[in-house]
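Participant: What follows is upload05.cif, made up of mmCIF, C-alpha atoms and all ligand atoms:
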```cif
data_structure
#
loop_
_atom_site.label_atom_id
_atom_site.label_comp_id
_atom_site.auth_asym_id
_atom_site.auth_seq_id
_atom_site.Cartn_x
_atom_site.Cartn_y
_atom_site.Cartn_z
CA MET A 1 99.12 98.44 85.87
CA SER A 2 97.77 101.19 83.64
CA GLN A 3 95.45 102.61 86.31
CA ARG A 4 97.60 103.89 89.15
CA THR A 5 96.64 102.78 92.67
CA ILE A 6 96.77 106.35 93.91
CA ASP A 7 97.41 109.62 92.10
CA TRP A 8 96.58 113.31 91.97
CA VAL A 9 94.21 114.05 89.08
CA ASP A 10 92.62 117.44 88.35
CA GLY A 11 92.73 118.74 91.91
CA ALA A 12 91.72 115.55 93.73
CA VAL A 13 93.18 112.30 95.04
CA GLU A 14 92.11 109.42 92.83
CA LEU A 15 92.53 105.90 94.17
CA ILE A 16 91.43 102.39 93.35
CA ASP A 17 88.84 101.26 95.90
CA GLN A 18 90.52 98.00 96.93
CA THR A 19 87.51 96.86 98.94
CA GLN A 20 85.74 96.30 95.58
CA LEU A 21 88.45 94.09 94.06
CA PRO A 22 88.51 91.61 92.43
CA ASP A 23 84.85 92.06 91.46
CA ARG A 24 84.98 95.65 90.23
CA LEU A 25 87.71 98.16 89.39
CA VAL A 26 86.25 101.31 90.95
CA VAL A 27 88.20 104.57 91.16
CA LEU A 28 87.30 106.95 94.01
CA ARG A 29 87.77 110.71 93.73
CA ILE A 30 88.60 112.20 97.09
CA THR A 31 88.62 115.92 97.85
CA THR A 32 88.52 116.07 101.66
CA VAL A 33 90.85 114.81 104.39
CA ASP A 34 87.93 113.13 106.15
CA ASP A 35 87.07 111.07 103.08
CA LEU A 36 90.74 110.14 102.74
CA ILE A 37 90.88 109.04 106.40
CA ASP A 38 87.76 106.94 105.84
CA ALA A 39 89.34 105.33 102.74
CA ILE A 40 92.50 104.51 104.74
CA ARG A 41 90.59 103.06 107.72
CA ARG A 42 88.43 100.75 105.61
CA LEU A 43 91.46 99.74 103.46
CA ALA A 44 90.13 101.23 100.23
CA VAL A 45 93.77 102.35 100.01
CA ARG A 46 96.30 100.22 101.89
CA GLY A 47 99.86 98.92 101.82
CA ALA A 48 102.69 100.92 103.36
CA PRO A 49 104.04 102.74 100.27
CA ALA A 50 100.54 103.68 99.05
CA LEU A 51 99.79 105.01 102.54
CA GLY A 52 102.92 107.17 102.26
CA VAL A 53 101.59 108.74 99.08
CA ALA A 54 98.12 109.06 100.65
CA GLY A 55 99.62 110.89 103.63
CA ALA A 56 101.56 113.21 101.33
CA LEU A 57 98.55 114.03 99.15
CA GLY A 58 96.40 114.35 102.26
CA VAL A 59 98.54 117.27 103.43
CA VAL A 60 97.72 118.95 100.12
CA LEU A 61 93.99 118.35 100.70
CA ALA A 62 94.32 119.68 104.27
CA GLY A 63 95.49 123.06 102.96
CA GLY A 64 97.22 124.09 106.19
CA ASP A 65 94.65 122.65 108.63
CA ALA A 66 96.97 121.17 111.30
CA GLU A 67 94.15 119.45 113.16
CA ALA A 68 93.09 117.60 109.98
CA VAL A 69 96.69 116.54 109.39
CA ALA A 70 96.90 115.18 112.96
CA ARG A 71 93.78 113.08 112.37
CA LEU A 72 95.18 111.81 109.07
CA ARG A 73 98.42 110.78 110.78
CA ALA A 74 96.42 108.70 113.30
CA ALA A 75 94.27 106.94 110.67
CA ARG A 76 96.35 103.74 110.93
CA PRO A 77 99.22 103.25 113.40
CA THR A 78 101.55 100.53 112.12
CA ALA A 79 102.86 101.57 108.70
CA VAL A 80 105.39 104.31 109.31
CA ASN A 81 105.06 105.47 105.70
CA LEU A 82 101.82 107.35 106.44
CA ALA A 83 103.50 109.67 108.96
CA TRP A 84 106.66 109.72 106.84
CA GLY A 85 104.75 110.98 103.78
CA ILE A 86 102.98 113.62 105.87
CA ASP A 87 106.19 114.83 107.52
CA ARG A 88 108.12 115.05 104.27
CA VAL A 89 105.51 117.31 102.72
CA LEU A 90 105.24 119.43 105.90
CA ALA A 91 109.03 119.85 105.94
CA HIS A 92 109.12 120.98 102.30
CA PRO A 93 109.51 124.77 102.14
CA GLY A 94 107.78 125.21 98.75
CA ASP A 95 104.61 123.93 97.11
CA PRO A 96 103.19 120.94 99.05
CA LEU A 97 101.77 119.40 95.88
CA GLU A 98 105.20 119.42 94.28
CA ALA A 99 106.62 117.57 97.33
CA ALA A 100 103.76 115.05 97.31
CA LEU A 101 104.14 114.31 93.59
CA ARG A 102 107.85 113.77 94.11
CA ILE A 103 107.05 111.11 96.72
CA ARG A 104 104.67 109.48 94.22
CA ASP A 105 107.33 109.46 91.49
CA GLU A 106 110.05 108.20 93.82
CA ASP A 107 107.84 105.28 94.79
CA VAL A 108 107.57 104.15 91.18
CA ALA A 109 111.34 104.36 90.72
CA ALA A 110 112.02 102.65 94.07
CA CYS A 111 109.79 99.71 93.17
CA HIS A 112 111.62 99.17 89.88
CA ALA A 113 114.95 99.26 91.74
CA MET A 114 113.73 96.85 94.45
CA GLY A 115 112.42 94.48 91.80
CA ALA A 116 115.78 94.31 90.05
CA ARG A 117 117.86 94.10 93.23
CA GLY A 118 115.62 91.45 94.76
CA ALA A 119 115.61 89.35 91.58
CA ASP A 120 119.42 89.56 91.45
CA LEU A 121 119.62 88.40 95.07
CA ILE A 122 117.45 85.28 94.74
CA GLU A 123 119.45 82.42 93.29
CA GLY A 124 118.26 79.74 90.87
CA ASP A 125 115.70 79.22 88.13
CA ALA A 126 112.20 77.73 88.00
CA LEU A 127 111.66 79.39 91.36
CA ARG A 128 108.83 78.66 93.77
CA ILE A 129 108.16 81.78 95.83
CA MET A 130 105.86 82.12 98.82
CA THR A 131 104.29 85.46 99.75
CA ILE A 132 101.65 86.87 102.09
CA CYS A 133 99.21 89.77 101.90
CA ASN A 134 99.48 92.10 98.92
CA THR A 135 102.75 93.83 98.13
CA GLY A 136 102.04 94.54 94.48
CA GLY A 137 101.22 97.68 92.54
CA LEU A 138 98.04 97.91 94.61
CA ALA A 139 100.11 98.46 97.76
CA CYS A 140 102.24 101.14 96.07
CA VAL A 141 101.66 103.46 93.11
CA GLU A 142 102.02 101.20 90.09
CA ARG A 143 104.57 98.46 90.80
CA GLY A 144 105.11 96.51 93.99
CA THR A 145 107.82 95.68 96.50
CA ALA A 146 107.96 91.92 97.22
CA LEU A 147 105.49 91.28 94.40
CA GLY A 148 107.62 93.63 92.27
CA VAL A 149 110.48 91.15 92.73
CA VAL A 150 108.11 88.36 91.71
CA GLN A 151 107.13 90.38 88.64
CA THR A 152 110.78 90.93 87.69
CA LEU A 153 111.53 87.20 88.16
CA HIS A 154 108.57 86.41 85.92
CA GLU A 155 109.73 88.92 83.29
CA ARG A 156 113.17 87.27 83.39
CA GLY A 157 111.61 83.82 82.86
CA ARG A 158 112.79 82.53 86.26
CA LEU A 159 109.46 81.98 88.01
CA ALA A 160 107.88 78.53 88.26
CA GLU A 161 105.11 79.34 90.70
CA VAL A 162 103.95 81.70 93.41
CA LEU A 163 102.29 80.26 96.49
CA ALA A 164 100.15 83.15 97.71
CA LEU A 165 98.67 83.04 101.20
CA GLU A 166 95.04 84.09 101.16
CA THR A 167 95.62 86.44 104.16
CA ARG A 168 92.64 86.27 106.47
CA PRO A 169 90.68 88.12 107.64
CA LEU A 170 90.46 90.60 104.76
CA LEU A 171 91.90 88.35 102.05
CA GLN A 172 94.43 90.73 100.53
CA GLY A 173 96.19 87.65 99.10
CA ALA A 174 93.10 85.98 97.64
CA ARG A 175 91.46 89.17 96.39
CA LEU A 176 94.36 91.44 95.44
CA THR A 177 97.56 89.43 94.96
CA ALA A 178 95.75 86.79 92.88
CA TRP A 179 94.20 89.59 90.79
CA GLU A 180 97.62 91.15 90.18
CA LEU A 181 99.38 87.84 89.42
CA ASP A 182 96.61 86.97 87.00
CA ARG A 183 97.07 90.29 85.18
CA MET A 184 100.85 89.67 85.05
CA GLY A 185 100.27 86.23 83.58
CA ALA A 186 102.36 84.74 86.40
CA PRO A 187 101.65 81.17 87.53
CA TYR A 188 100.30 80.99 91.07
CA ARG A 189 98.20 79.00 93.50
CA LEU A 190 96.42 80.33 96.57
CA VAL A 191 96.91 78.50 99.84
CA VAL A 192 95.23 78.97 103.22
CA ASP A 193 97.39 80.87 105.70
CA SER A 194 97.86 77.90 108.00
CA ALA A 195 99.34 75.86 105.12
CA GLY A 196 102.31 78.22 104.81
CA PRO A 197 104.79 76.73 107.30
CA TYR A 198 104.03 73.16 106.14
CA LEU A 199 104.41 74.02 102.46
CA LEU A 200 107.83 75.53 103.21
CA THR A 201 109.01 71.97 103.84
CA THR A 202 107.96 70.91 100.32
CA GLY A 203 110.47 72.76 98.17
CA VAL A 204 110.01 76.52 98.26
CA ASP A 205 113.00 78.63 97.13
CA ALA A 206 112.28 81.84 99.03
CA VAL A 207 109.69 83.70 101.08
CA LEU A 208 109.28 87.29 99.89
CA VAL A 209 107.29 89.70 102.05
CA GLY A 210 106.76 93.44 102.43
CA ALA A 211 106.96 95.54 105.58
CA ASP A 212 104.94 98.18 107.36
CA ARG A 213 107.71 99.33 109.68
CA ILE A 214 111.31 98.23 110.06
CA ALA A 215 112.79 99.10 113.44
CA ALA A 216 116.38 100.33 113.81
CA ASN A 217 117.55 96.81 114.78
CA GLY A 218 115.87 95.19 111.73
CA ASP A 219 112.79 93.80 113.51
CA THR A 220 109.99 94.08 110.97
CA ALA A 221 106.23 94.55 111.30
CA ASN A 222 104.15 93.10 108.47
CA LYS A 223 100.75 91.48 107.92
CA ILE A 224 99.64 89.04 110.60
CA GLY A 225 100.95 85.59 109.67
CA THR A 226 104.35 86.82 108.50
CA TYR A 227 106.06 85.77 111.75
CA ALA A 228 104.78 82.18 111.38
CA LEU A 229 106.25 82.09 107.86
CA ALA A 230 109.59 83.38 109.14
CA LEU A 231 109.70 80.67 111.82
CA GLY A 232 108.77 78.01 109.27
CA ALA A 233 111.32 79.32 106.80
CA ARG A 234 114.12 79.21 109.36
CA ARG A 235 113.26 75.63 110.32
CA ALA A 236 113.05 74.56 106.65
CA GLY A 237 116.22 76.44 105.64
CA VAL A 238 114.35 78.69 103.18
CA PRO A 239 115.61 82.28 102.69
CA PHE A 240 113.21 84.82 104.21
CA VAL A 241 113.53 88.16 102.43
CA VAL A 242 111.84 91.47 103.30
CA VAL A 243 111.42 93.88 100.38
CA ALA A 244 110.59 97.46 101.34
CA PRO A 245 111.58 101.04 100.48
CA GLU A 246 113.95 103.02 102.67
CA SER A 247 110.91 105.04 103.81
CA THR A 248 109.67 101.99 105.75
CA ILE A 249 112.81 101.96 107.89
CA ASP A 250 112.09 103.88 111.09
CA PRO A 251 115.30 104.80 112.93
CA ALA A 252 113.19 106.33 115.75
CA THR A 253 111.83 102.88 116.66
CA PRO A 254 114.66 100.94 118.34
CA SER A 255 113.12 97.45 118.11
CA GLY A 256 109.94 95.55 117.31
CA ASP A 257 108.71 95.86 120.91
CA HIS A 258 108.14 99.54 120.25
CA ILE A 259 105.99 99.08 117.12
CA ALA A 260 102.27 99.79 117.62
CA ILE A 261 100.26 96.88 116.26
CA GLU A 262 96.87 97.86 114.86
CA ASP A 263 93.94 96.09 116.49
CA ARG A 264 91.08 95.94 114.03
CA ASP A 265 87.36 95.35 114.46
CA ALA A 266 86.42 91.86 115.69
CA GLU A 267 83.67 91.82 113.04
CA GLU A 268 86.35 91.29 110.37
CA VAL A 269 87.10 87.90 111.94
CA LEU A 270 83.53 86.98 112.83
CA THR A 271 82.26 87.58 109.30
CA LEU A 272 83.53 86.98 105.78
CA ARG A 273 82.39 89.52 103.20
CA GLY A 274 79.16 90.07 105.08
CA VAL A 275 78.44 86.42 105.90
CA ARG A 276 78.43 85.57 109.62
CA LEU A 277 80.87 82.71 110.45
CA ALA A 278 80.65 82.41 114.22
CA PRO A 279 77.70 81.88 116.57
CA PRO A 280 75.93 84.96 117.96
CA GLY A 281 77.88 86.43 120.86
CA ALA A 282 81.22 85.00 119.72
CA LYS A 283 84.18 87.27 120.47
CA ALA A 284 87.32 87.68 118.39
CA LEU A 285 90.79 89.21 118.53
CA ASN A 286 92.05 90.84 115.36
CA PRO A 287 95.69 92.00 115.36
CA ALA A 288 96.39 93.23 111.81
CA PHE A 289 100.18 92.82 111.99
CA ASP A 290 102.92 90.90 113.73
CA VAL A 291 106.63 91.47 114.25
CA THR A 292 109.34 89.25 112.81
CA PRO A 293 112.55 89.45 114.87
CA HIS A 294 115.58 90.47 112.84
CA ASP A 295 117.43 87.20 113.44
CA LEU A 296 114.80 85.36 111.36
CA ILE A 297 115.31 87.69 108.37
CA SER A 298 117.85 86.62 105.73
CA ALA A 299 117.95 90.00 103.99
CA ILE A 300 116.11 93.31 103.67
CA VAL A 301 116.08 94.62 100.10
CA THR A 302 115.48 98.35 99.58
CA GLU A 303 115.81 100.55 96.49
CA SER A 304 119.40 101.34 97.42
CA ARG A 305 120.90 98.39 99.31
CA VAL A 306 120.66 94.86 100.68
CA ILE A 307 120.75 94.79 104.49
CA ARG A 308 121.55 91.61 106.35
CA PRO A 309 120.18 92.23 109.84
O1 LIG A 401 96.52 95.90 106.24
P1 LIG A 401 97.26 96.12 104.96
O2 LIG A 401 96.62 95.47 103.77
O3 LIG A 401 97.55 97.59 104.73
O4 LIG A 401 98.65 95.41 105.20
C1 LIG A 401 99.64 95.53 104.21
C2 LIG A 401 100.88 94.74 104.48
O5 LIG A 401 101.04 94.12 105.51
C3 LIG A 401 101.94 94.79 103.43
O6 LIG A 401 102.68 93.62 103.43
C4 LIG A 401 102.88 95.98 103.69
O7 LIG A 401 102.15 97.17 103.87
C5 LIG A 401 103.85 96.16 102.60
S1 LIG A 401 103.06 96.65 101.09
C6 LIG A 401 104.26 96.81 99.90
#
```
Turn this file's structure into structure tokens for me.
Facilitator:
Amino acid sequence: MSQRTIDWVDGAVELIDQTQLPDRLVVLRITTVDDLIDAIRRLAVRGAPALGVAGALGVVLAGGDAEAVARLRAARPTAVNLAWGIDRVLAHPGDPLEAALRIRDEDVAACHAMGARGADLIEGDALRIMTICNTGGLACVERGTALGVVQTLHERGRLAEVLALETRPLLQGARLTAWELDRMGAPYRLVVDSAGPYLLTTGVDAVLVGADRIAANGDTANKIGTYALALGARRAGVPFVVVAPESTIDPATPSGDHIAIEDRDAEEVLTLRGVRLAPPGAKALNPAFDVTPHDLISAIVTESRVIRP
């Protein structure tokens, strides 16, 4: 993508407002921590690696205000990258901006490395790949993790089709992944989330997903619906591959049981882009993530290694 998802431009954080996609490409200019927290909470910026960069640049905006940094850290609980980006900049003895820009640059390099390593790992040609949520450049700085592998496969002429889950309730698959695949010129079809496990019995070569937090034992939190795909993939004998940077691995979290799962507003389930779906008074439960146990994961691909949990 030519427009970076998140960057530091002339003294401010600039980020693509992902709530406006695919209708409009709007770039927000953010100069305060509170506006950055608001952008994170409403998913204007989202995806674990992009949240890492947001956390890092947020420390620069905070200018030494520890209370503001604490609020930023709590903006979303599941993706470890947010706290990781904050802590790396806080631990840097010199200029915080220099540390934050290094995190930004490392993300770009890591995504290229993950793309190549993941594409090398997946065997075969004319591949049919299933994915969920959005793990593309929009979830990172300019190139994605799992969708970065898809992009590399496409560039190498090995991709037949992507089956992209729409990813209710906020439709990151339908709105964002479809937009990115379209811009790549990669062949894809959207499917409803509940079609995923069935379609895995119809000739899919691999499931490629991202991660928000990988516990020390390999259990992995990712977008709600990922666990169902992992179960379906195991039953169908389809490789289930997690693609994520080393910064998503959290050695301080021993297993998936210890990962905080974000509960989001019931309104996101009860409505669809402002249109009410359920009768008045209906209640809803809205866990944003689930945990896939390590024994269902064929491999975790990072920028520096392939881990087989
Ligand atoms: O709620 P979101 O859109 O931030 O959820 C994002 C995901 O679940 C992604 O799969 C994950 O952050 C990895 S992004 C490379």
Participant: At most 7 Å from (109.8, 101.3, 115.6), file frame, all atoms listed in the file: which residues, as an mmCIF file with C-alpha atoms, in the frame of the given file?
Facilitator:
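Resulting contents of selection_34.cif:
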```cif
data_model
loop_
_atom_site.group_PDB
_atom_site.id
_atom_site.type_symbol
_atom_site.label_atom_id
_atom_site.label_comp_id
_atom_site.auth_asym_id
_atom_site.auth_seq_id
_atom_site.Cartn_x
_atom_site.Cartn_y
_atom_site.Cartn_z
ATOM 1 C CA ARG A 213 107.710 99.330 109.680
ATOM 2 C CA ILE A 214 111.310 98.230 110.060
ATOM 3 C CA ALA A 215 112.790 99.100 113.440
ATOM 4 C CA ALA A 216 116.380 100.330 113.810
ATOM 5 C CA ASP A 250 112.090 103.880 111.090
ATOM 6 C CA ALA A 252 113.190 106.330 115.750
ATOM 7 C CA THR A 253 111.830 102.880 116.660
ATOM 8 C CA PRO A 254 114.660 100.940 118.340
ATOM 9 C CA SER A 255 113.120 97.450 118.110
ATOM 10 C CA GLY A 256 109.940 95.550 117.310
ATOM 11 C CA HIS A 258 108.140 99.540 120.250
ATOM 12 C CA ILE A 259 105.990 99.080 117.120
#
```
Participant: Neighbours of Asp107 (chain A) within 9 Å (only C-alpha atoms; same-chain residues fewer than 4 positions away dropped), as a ChimeraX atom specification?
Facilitator: /A:49-50,53,102-103,111-112,140-143,245
Participant: Check every protein, DNA and RNA residue against ligand LIG 401 (chain A), keep those with an atom at most 6 Å away (counting all atoms listed in the file), and present them as a VMD selection string.
Facilitator: chain A and resid 46 to 49 133 to 135 139 144 to 145 210 to 212 222 to 223
Participant: Quick check, in Å to one decimal: how far apart do CA of Ala109 (chain A) and CA of Glu166 (chain A) lie?
Facilitator: 28.0 Å
Participant: Hey, which of A:Ala146, A:Ala233, A:Ile129, A:Glu180 ends up closest to Arg117 (chain A)? Count only C-alpha atoms.
Facilitator: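 Ranked by minimum distance to Arg117 (chain A), first place goes to A:Ala146.
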Participant: Between region 187-224 of chain A and region 153-158 of chain A, at 12 Å or less, what are the per-residue closest atom pairs and their distances in Å? Count all atoms listed in the file, order by chain and rising residue number, and return it as a Markdown table.
Facilitator:
```
| residue | atom | partner | partner_atom | distance |
| --- | --- | --- | --- | --- |
| A:Pro187 | CA | A:His154 | CA | 8.8 |
| A:Tyr188 | CA | A:His154 | CA | 11.1 |
| A:Asp205 | CA | A:Arg158 | CA | 11.6 |
| A:Leu208 | CA | A:Leu153 | CA | 11.9 |
```
Participant: I'd like the interatomic distance between CA of Val80 (chain A) and CA of Thr248 (chain A), to a tenth of an Å.
Facilitator: 6.0 Å
Participant: Please report the interatomic distance between CA of Val204 (chain A) and CA of Leu176 (chain A) in Å with one decimal.
Facilitator: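 It comes out at 21.8 Å.
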Participant: When you count only C-alpha atoms, which of these residues is closest to Thr302 (chain A): A:Ala221, A:Ala110, A:Val275, A:Val162?
Facilitator: A:Ala110
Participant: Restricting the calculation to all atoms listed in the file, which member of A:Ala186, A:Leu72, A:Leu159, A:Val192 is positioned closest to Ile86 (chain A)?
Facilitator: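 Under the stated criterion, the closest residue is A:Leu72.
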Participant: Name the residues in contact with Ala66 (chain A) at a cut-off of 12 Å, using only C-alpha atoms, excluding same-chain residues fewer than 6 positions from it; report them as a list in words.
Facilitator: Val33, Gly58, Val59, Val60, Leu72, Arg73, Ile86, Asp87 and Leu90 of chain A
Participant: Select, from A:Ala56, A:Val149, A:Val269, A:Ala100, the residue with the minimum atom-to-atom distance to Val209 (chain A), counting all atoms listed in the file.
Facilitator: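 Under the stated criterion, the closest residue is A:Val149.
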Participant: With all atoms listed in the file as the atoms that count, which of A:Leu190, A:Ala206, A:Leu97, A:Leu165 lies nearest to Ala126 (chain A)?
Facilitator: A:Ala206
Participant: With only C-alpha atoms as the basis for distance, which of A:Ala244, A:Ile132, A:Leu170, A:Leu138 is at the shortest distance from Thr5 (chain A)?
Facilitator: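 Comparing A:Ala244, A:Ile132, A:Leu170, A:Leu138 against Thr5 (chain A), the winner is A:Leu138.
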Participant: I'd like the neighbourhood of Leu82 (chain A) as a PDB file with C-alpha atoms, keeping the file's coordinate frame, where a residue qualifies if any of its atoms comes within 6 Å (using all atoms listed in the file), though same-chain residues fewer than 6 positions away should be ignored.
Facilitator:
```pdb
ATOM      1  CA  LEU A  51      99.790 105.010 102.540  1.00  0.00           C
ATOM      2  CA  GLY A  52     102.920 107.170 102.260  1.00  0.00           C
ATOM      3  CA  GLY A  55      99.620 110.890 103.630  1.00  0.00           C
TER       4      GLY A  55
END
```
Participant: Quick one: residues within 12 Å of Val238 (chain A), all atoms listed in the file, excluding same-chain residues fewer than 6 positions away - as an MDAnalysis selection string?
Facilitator: chainID A and resid 122:123 128:130 197 199:208 229:232 296:299
Participant: Please identify all polymer residues within 7 Å of Glu262 (chain A), counting all atoms listed in the file, omitting same-chain residues fewer than 5 positions from it, and present them as an MDAnalysis selection string.
Facilitator: chainID A and resid 77:78 287:289
